[in-house]
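Q: I have a structure I would like to understand better, so I am pasting it below and will then ask my questions one at a time.
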Amino acid sequence: MTDSLTIRDNRTGEEHEIEIVDGTIRAADLKKVGGLATYDPGFVNTASCRSAITYIDGEQGILEYRGYPIEQLAEQSSFLEVCYLLLNGELPTSDQLAQWTHDVTHHTFLHENIKSLMTGFRYDAHPMGMTMSSISALSTFYPHASNISDPENRYLQITRMIAKMPTIGAFAYRHSQGKPYIYPDNGLSYCANFLSMLFKMSERDYVADERLVKALEVLFILHADHEQNCSANAVRSVGSSQVDPYSAVAAGVGALYGPLHGGANEAVLKMLRRIGTTDNIPGFIEGVKEGKEKLMGFGHRVYKNYDPRAKIIKKATEDVFEVTGVNPLLKIAQELEKIALEDEYFVSRKLYPNVDFYSGLIYEALQFPPEMFTVLFAIGRTPGWLAQWQELVTDKEQKIARPKQIYTGERQREFVPIDQR
């Protein structure tokens, strides 16, 4: 064996040779060593799949979709073009993009019963909860979605979900505002249509500023996929039972709902408001060093360098503020970033700005309430979830997710009748 690992079991004195492939060993091979298993809470050093979708080099700050640098895609591509890339592995030709755009546009409307479902939520229902429930409900409207072995059927359900996510998100937003739902305008682009459904009132035609449309495109592209994150893992885990894609993606939305995954940009805004002015930044920085304050939007579990998405989103922030006016929190954010990038305490710990540091400022400038931030994240992440799901169901190595556990409870207890307890 050329690339292998020799393990000596000190309990028995036996040595075992285990093959190394792609920098990993198969966990099942450890069974040779006295039936060993690995214990890895959070899967921080466990690969659960082989994937050709997204590449990340956290040390170098590199993010690529299907081999294309995120910087080039954000600058030159459209969101639907990136969706096609993630799902098919190649950038589309002009004819393929035209057909894909037509197919997505054709499915933007929701069944009226889904609208009725959404109107049934309380007036103050969280838009993310409404979004998750509505996606899950789609599986009952398209029962053939369970036929996941049929490529044409998979394509149809994938197209439907990408098309309907902005409509669901916009309806959830309008519901929370107490405003009438606005139906899709299929004469508009994907992102322009979303803005129309969100903000159109009495005007005959809603025309969004192209700079805002482009900023939204960029935000969606940056969030489209991020390898085996918490929500992608949830989609794959639930999808491994061979359930329909709507149910699998609903699981991803549920994972994203959690504050440790999708809520970081809202936490950044709260931090900036608490700081208040640039004069308070030195005191806040000292509080962070002393463990009394938390610096939100800096550092990342994967990136040990400047998050490449943060650089792109910083530029998008400037473009949005040209239209909406500058958020006073921007000056605090810029000064905080400048100090953190120069201070040895943060540099030595590789605490660089991540994608969440500036995204909340854009969402707020676009007049979204904080509870909508994760919905926007979910719309952008949907093609990534679907690409991960599609890769899962076509991968012959994949099995139903069923991790081991280390049992720590009581054993061999005798039942005591209730009158003797």
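The way I read the labels, and the way they are meant: chains A, B, ... in the order of the structure tokens, residue 1 as the first residue of every chain, and ligand 1 as the first ligand shown, with later ones counted on from there.
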So which residues touch Val302 (chain A) within 9 Å, counting only C-alpha atoms, skipping near sequence neighbours fewer than 5 positions away, as a list in words?
A: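 Non-adjacent residues within range: Ile56, Asp57, Gly58 and Glu59 of chain A.
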Q: Excluding same-chain residues fewer than 5 positions from Gly120 (chain A), what lies within 10 Å of it counting only C-alpha atoms, as a VMD selection string?
A: chain A and resid 114 to 115 125 130 175
Q: Could those residues be written to a file, using all heavy atoms, as a tab-separated table (two decimals), in the first residue's frame?
A:
chain	number	residue	atom	x	y	z
A	114	ILE	N	-51.68	27.02	-1.31
A	114	ILE	CA	-50.48	27.39	-0.55
A	114	ILE	C	-50.67	28.81	0.00
A	114	ILE	O	-50.32	29.12	1.14
A	114	ILE	CB	-49.22	27.31	-1.42
A	114	ILE	CG1	-48.84	25.86	-1.67
A	114	ILE	CG2	-48.05	28.06	-0.77
A	114	ILE	CD1	-48.21	25.17	-0.48
A	115	LYS	N	-51.23	29.67	-0.83
A	115	LYS	CA	-51.53	31.03	-0.37
A	115	LYS	C	-52.49	30.98	0.82
A	115	LYS	O	-52.30	31.69	1.81
A	115	LYS	CB	-52.13	31.84	-1.51
A	115	LYS	CG	-52.53	33.25	-1.14
A	115	LYS	CD	-53.18	33.97	-2.31
A	115	LYS	CE	-53.75	35.31	-1.88
A	115	LYS	NZ	-54.46	35.99	-2.99
A	125	ALA	N	-46.40	35.79	12.82
A	125	ALA	CA	-45.62	34.58	12.58
A	125	ALA	C	-44.27	34.92	11.97
A	125	ALA	O	-44.16	35.82	11.12
A	125	ALA	CB	-46.39	33.64	11.65
A	130	MET	N	-42.85	30.38	8.42
A	130	MET	CA	-43.82	30.30	7.32
A	130	MET	C	-43.17	29.70	6.07
A	130	MET	O	-43.77	28.87	5.37
A	130	MET	CB	-44.36	31.69	6.99
A	130	MET	CG	-45.20	32.31	8.09
A	130	MET	SD	-45.78	33.96	7.64
A	130	MET	CE	-46.86	33.59	6.26
A	175	HIS	N	-47.08	39.08	4.50
A	175	HIS	CA	-47.94	38.64	5.59
A	175	HIS	C	-47.53	39.34	6.89
A	175	HIS	O	-48.39	39.82	7.64
A	175	HIS	CB	-47.83	37.12	5.75
A	175	HIS	CG	-48.72	36.56	6.83
A	175	HIS	ND1	-50.02	36.16	6.58
A	175	HIS	CD2	-48.51	36.32	8.15
A	175	HIS	CE1	-50.56	35.70	7.70
A	175	HIS	NE2	-49.66	35.79	8.67
Q: Report as a VMD selection string all protein, DNA and RNA residues lying within 9 Å of Ser51 (chain A), evaluated on only C-alpha atoms, omitting residues in the same chain fewer than 4 positions from it.
A: chain A and resid 55 227 388 391 to 392
Q: Mind dumping a table of every region 139-226 of chain A residue within 12 Å of region 87-92 of chain A, with the nearest atom pair and its distance in Å to one decimal, using only C-alpha atoms, sorted by chain and rising number, as JSON lines?
A:
{"residue": "A:Arg154", "atom": "CA", "partner": "A:Leu87", "partner_atom": "CA", "distance": 11.0}
{"residue": "A:Tyr155", "atom": "CA", "partner": "A:Leu87", "partner_atom": "CA", "distance": 9.4}
{"residue": "A:Ile158", "atom": "CA", "partner": "A:Leu87", "partner_atom": "CA", "distance": 9.1}
{"residue": "A:Thr159", "atom": "CA", "partner": "A:Leu87", "partner_atom": "CA", "distance": 10.4}
{"residue": "A:Ile162", "atom": "CA", "partner": "A:Leu87", "partner_atom": "CA", "distance": 11.3}
{"residue": "A:Ala224", "atom": "CA", "partner": "A:Leu87", "partner_atom": "CA", "distance": 11.0}
{"residue": "A:Asp225", "atom": "CA", "partner": "A:Leu87", "partner_atom": "CA", "distance": 10.9}
Q: Using N, CA and C atoms, can you export the residues from the last selection as an mmCIF file, in the first residue's frame?
A:
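Generated file (out-v3.cif):
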data_model
loop_
_atom_site.group_PDB
_atom_site.id
_atom_site.type_symbol
_atom_site.label_atom_id
_atom_site.label_comp_id
_atom_site.auth_asym_id
_atom_site.auth_seq_id
_atom_site.Cartn_x
_atom_site.Cartn_y
_atom_site.Cartn_z
ATOM 1 N N ARG A 154 -36.731 14.777 -11.293
ATOM 2 C CA ARG A 154 -35.869 15.561 -10.406
ATOM 3 C C ARG A 154 -35.697 16.974 -10.956
ATOM 4 N N TYR A 155 -35.465 17.081 -12.258
ATOM 5 C CA TYR A 155 -35.287 18.396 -12.887
ATOM 6 C C TYR A 155 -36.533 19.254 -12.685
ATOM 7 N N ILE A 158 -36.737 20.400 -8.996
ATOM 8 C CA ILE A 158 -35.678 21.382 -8.740
ATOM 9 C C ILE A 158 -36.063 22.737 -9.333
ATOM 10 N N THR A 159 -36.559 22.717 -10.561
ATOM 11 C CA THR A 159 -36.981 23.950 -11.226
ATOM 12 C C THR A 159 -38.102 24.628 -10.442
ATOM 13 N N ILE A 162 -36.711 26.279 -7.060
ATOM 14 C CA ILE A 162 -35.958 27.510 -7.277
ATOM 15 C C ILE A 162 -36.891 28.638 -7.719
ATOM 16 N N ALA A 224 -25.098 30.935 -2.400
ATOM 17 C CA ALA A 224 -25.681 29.813 -3.142
ATOM 18 C C ALA A 224 -25.241 28.440 -2.642
ATOM 19 N N ASP A 225 -24.006 28.314 -2.207
ATOM 20 C CA ASP A 225 -23.566 27.042 -1.623
ATOM 21 C C ASP A 225 -22.332 27.304 -0.788
#
Q: Which is closer to Tyr352 (chain A) than all the others in A:Asn305, A:Ser247, A:Thr119, A:Ser134, using only C-alpha atoms?
A: A:Asn305
